[in-house]
Each structure stands twice: as C-alpha cells, then as structure tokens.
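Working notes, structure below.
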Amino acid sequence: MTDLSGQTCVLAYSGGLDTSVAVAWLRETRGLDVVTVTGDLGSVGDLDQVRDKAVRSGARRAVVVDAREPFVRYFVWPALQADALYQRRYPLATALGRPLLAKLLVDVAREENAKYVAHGSTGKGNDQVRFDLSVAALAPDLKVIAPLRSGMNMTRDEEIEYARKRGIPVPVTKKSPYSVDENLWGRSIEAGVLEDPWEAPPRDVFQWTVDPEEAPAKPREIVIGFREGTPISMDGEECDGVTLVEKLNAIAGKHGVGRIDQIEDRLVGIKSREIYEAPAAVVLHTAHRALEDMVLPRESLRFKERVADEYAELIYNGLWFSGHHQDLSAYIRSTQRHVTGEIRLRLHRGTATVVGRRSDNALYSHALATYGKGDAFDQKAAEGFIQIYGLSLRNQARLQGLASGEGAMPDALRTLPAGPSPAKRGSKAASKRTKRA
Ligand code: ARG
C-alpha cells in the first residue's frame with residue numbers, strides 16, 4: 001500500500017465504530033496524519049464527546065461543527081421548495097446531508113493544506129458517490145480515500161477487536177441490527193431483516209414514529225405558515241427552521257406520521273429496501289404542495305412536477321454541486337415568489353391530511369368557483385369554449401371515426417347488450433331520491 005507518511009488527511013467522522021477504526025487504520029496503513037471533521041446535522045448527541053472520541057482514536061485534531069442551521073436553510077428548504085421526493089416518496093434526508101458534510105471536509109482540508117480527504121462510505125451505496133462527486137466539484141485537486149471500499153475490510157467483531165487493542169472506545173450498547181443514518185430531515189434504516197422485501201419492518205426499526213395503531217385516537221390539527229416557499233411558523237407562532245423541523249418531527253411522530261417503506265433504485269444499479277422515518281418532511285411536503293396548488297398557475301404546477309423529479313434525481317445521484325442544479329434552482333426559486341400563506345393539516349394515526357388552506361396570493365377565486373350566490377362565471381360562454389376546444393376532436397370523429405377502436409372503444413363495449421334500463425329497475429328508489437332533492 002502506498003505510504004503517504006506525514007501527509008494530512010481530513011476524515012468525515014461520525015463518531016461511530018467504522019470511522020473511529022478508520023482514524024487508526026489511515027495512520028497505521030498509510031502513515032497519514034488524521035484530522036477529523038464532524039458536522040452535526042441534527043443527530044450528533046454530545047459534540048464534546050465526539051471530539052474526545054476522535055482524539056482517542058488517534059486524530060491529531062478533531063473539528064466539530066454545528067451545521068443544523070445551514071443544513072435546513074441551504075439544503076432542506078430548497079429541496080422542499082422543489083417538492084423533491086426521490087421515486088416520488090423519499091424526502092432525501094441522507095442525500096441532502098452528504099454535500100454539506102463534503103463541503104465541511106473541503107473547508108478543513110484547505111485550512112490544513114491537506115491533499116487528502118476520506119469518508120466512511122462503503123463501495124455499494126449512494127453515499128460514496130455523493131462524497132466523491134461533491135469533493136470533485138468543490139476541490140478537484142483533492143484525493144479521496146474511502147477505507148471501507150479500499151482495504152479496510154473488517155467484520156464488526158474484527159473492528160471491535162482492532163479498536164480495543166488501540167484503546168479506542170468501543171460501543172457498550174448492543175449493536176443495532178440495522179444500518180442507520182440520521183439527520184433533522186429524516187432517519188434512514190436499511191439492512192438486517194429488512195433485506196427480505198416481504199418481511200414487514202419489526203417494531204425496533206422505528207424510533208421517531210409511534211405505530212399508527214397506537215397513536216392517539218384524537219386527531220391533532222396544526223397550521224403551517226409559509227413565506228415565499230419557506231416554512232416560517234406553526235400555529236401562528238414564528239420560529240427558526242431548525243426549531244420548526246424539530247417540533248414537527250416530535251408532534252407528527254407522535255401521531256405516527258412519516259413512515260415510508262420503499263424499494264429504491266440506488267445509483268450503482270442495486271434495488272434496495274429502505275425504511276424512512278421523516279415526520280416533519282412528510283408534513284411539510286404535503287403542506288407546501290397544497291399551498292402551491294392554491295397559488296401557482298396550472299402550467300407551472302404541471303411543469304414543476306417534472307422539475308421536481310429531475311431535482312430529486314440530481315440530489316440522489318450526488319450532483320448537488322453542479323451546473324444543472326444551479327439552473328433548475330433558478331427556476332424553482334422564481335416559482336416560490338407567490339408561495340405565501342397557511343395550510344391546515346390534521347395529523348391522525350399515520351396520516352397528515354390537508355383540511356384547509358389560505359393565501360393572499362391565491363388564484364382560487366370563490367366568485368369563479370361557487371355554485372352558490374355571486375357566481376361570476378359566464379356559463380353561456382362555455383358553449384363557445386367547448387366548440388373551439390373540441391374542434392380537432394370533431395374533425396377526427398368526422399374524418400376517421402371514433403366510435404370504434406382499440407382501448408378507448410373496445411369492441412366488447414361497443415356491442416354491449418342493452419339490458420333493462422336502470423330507471424325501470426330502481427324506479428322506486430330513484431323517485432324517492434328525486435323527491436328529497
Ligand atoms: N438509501 C438512502 C440514500 O441513499 C439512505 C442511505 C442511508 N445510509 C446509511 N448508511 N444507512 O440516500
């Protein structure tokens with residue numbers, strides 16, 4: 001193995017066993033001087049403890065950054081405004097965190113004048129791609145080392161043994177049977193029995209959400225306020241983004257909202273079974289989309305859905321720092337200028353249902369929509385509208401015929417025998433109904 005003696009390597013450090021062992025491994029097998037950097041995106045419990053553990057694992061310096069605020073402001077909110085859900089379900093918590101962690105890695109590498117950075121991702125997942133490409137985009141001159149895919153292949157027991165011998169603190173609690181990644185925007189759980197896609201997720205998978213069956217029987221109503229696409233309040237009370245997301249995770253989680261179970265296509269070509277807990281993300285995506293329904297013209301809604309898929313894909317695939325992202329985000333930002341208003345949701349046993357919406361920028365017009373008094377819609381004009389709108393259809397019917405044909409008018413339907421008319425069969429019930437009306 002190449003000896004990189006004396007060179008500095010900055011390692012993305014989670015405080016877990018893998019990355020703790022990696023600190024020692026990089027030193028011993030590559031001769032590297034290791035500096036760790038830990039970004040707290042909302043799941044690192046005690047920052048001092050993490051710093052201490054990094055040093056005890058052999059790091060020359062351990063940097064710990066509370067990055068929750070920038071995470072929400074510059075990564076979570078843009079993804080929310082884009083309505084970005086990978087494969088229409090996954091709110092992308094892990095995928096959004098990686099580019100920020102990579103950015104911290106690069107910052108510290110610059111400070112240290114280091115030529116090497118490292119991360120603890122395996123060679124089978126998406127996270128390695130996100131780290132490698134984010135670093136490539138921000139600092140193409142840096143070399144990335146990923147010990148877990150390049151030689152540090154130890155079983156968990158071997159890692160514990162390796163750590164023990166070197167006085168690296170080893171976990172005292174029983175190892176979770178799953179691979180878990182957490183941040184403010186959600187909790188990702190994979191592996192273990194979940195690898196059997198037929199197996200329902202066991203209870204111990206979930207930590208943020210109550211089993212919907214055991215959630216309160218009484219629904220909870222909440223109101224989320226948005227300003228230009230950014231959530232700013234709950235129940236009329238303004239608060240910062242981090243607080244809002246934390247609050248919603250707690251409240252919606254208590255009502256069993258936010259569980260997602262999906263078969264997902266990894267970039268590397270593997271289909272994998274993923275469980276997510278993302279109470280705040282599910283509530284906010286539902287609310288944001290509902291507000292957009294009120295204020296965006298239908299063409300924007302339709303086009304934006306395509307942009308949403310594209311945006312989700314680029315986040316998932318590790319292309320956060322890319323020209324494509326810059327261009328899409330200019331469009332998305334522009335669409336948000338009217339997205340100000342409030343959405344009322346009911347949280348109940350696993351569901352978050354929109355029950356009310358209001359906005360000063362609403363395109364919803366009561367005068368146009370109403371069937372009651374004050375109707376401003378000219379119904380007579382509809383005739384002319386349909387005349388022109390249907391012109392090409394009439395033309396087709398006249399010149400090519402539309403009363404038969406595959407799919408739209410199958411033969412079986414065309415030759416449907418005329419049975420007794422419904423009016424005859426249900427005449428009593430029908431007349432009753434008419435009377436009441
Ligand atoms: N499948 C998700 C993604 O690619 C989550 C990955 C979670 N990582 C983990 N180490 N459990 O974004």
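Simple scheme: letters A, B, ... for chains in structure tokens order, numbers from 1 for residues in each chain, numbers from 1 for ligands in the order shown.
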Neighbouring residues of region 311-318 of chain A were defined as those with any atom within 12 Å, considering only C-alpha atoms; residues of the same chain fewer than 5 positions away were excluded. Please report them as number ranges by chain.
A: 75-76, 78-100, 102, 125-137, 264-269, 304-306, 323-332
For ligand 1, which residue out of A:Val50, A:Leu4, A:Ala191, A:Ala217 is the nearest one, using only C-alpha atoms and all ligand atoms?
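Smallest separation from ligand 1 among the options: A:Ala191.
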For region 163-174 of chain A, find every residue with an atom within 12 Å (counting only C-alpha atoms), except residues of its own chain fewer than 2 positions away, and show them as a count of residues only.
32
Go ahead and compute the interatomic distance for CA of Gln387 (chain A) and CA of Leu402 (chain A), in Å to one decimal.
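Result for CA of Gln387 (chain A) versus CA of Leu402 (chain A): 17.5 Å, one decimal.
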Which residues are close to Asn183 (chain A), i.e. within 7 Å by only C-alpha atoms, leaving aside same-chain residues fewer than 2 positions away? Reply as a list of chain:residue names.
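In the requested form, the answer reads A:Leu41, A:Gly42, A:Ser43, A:Ala93, A:Trp185, A:Gly186, A:Arg187.
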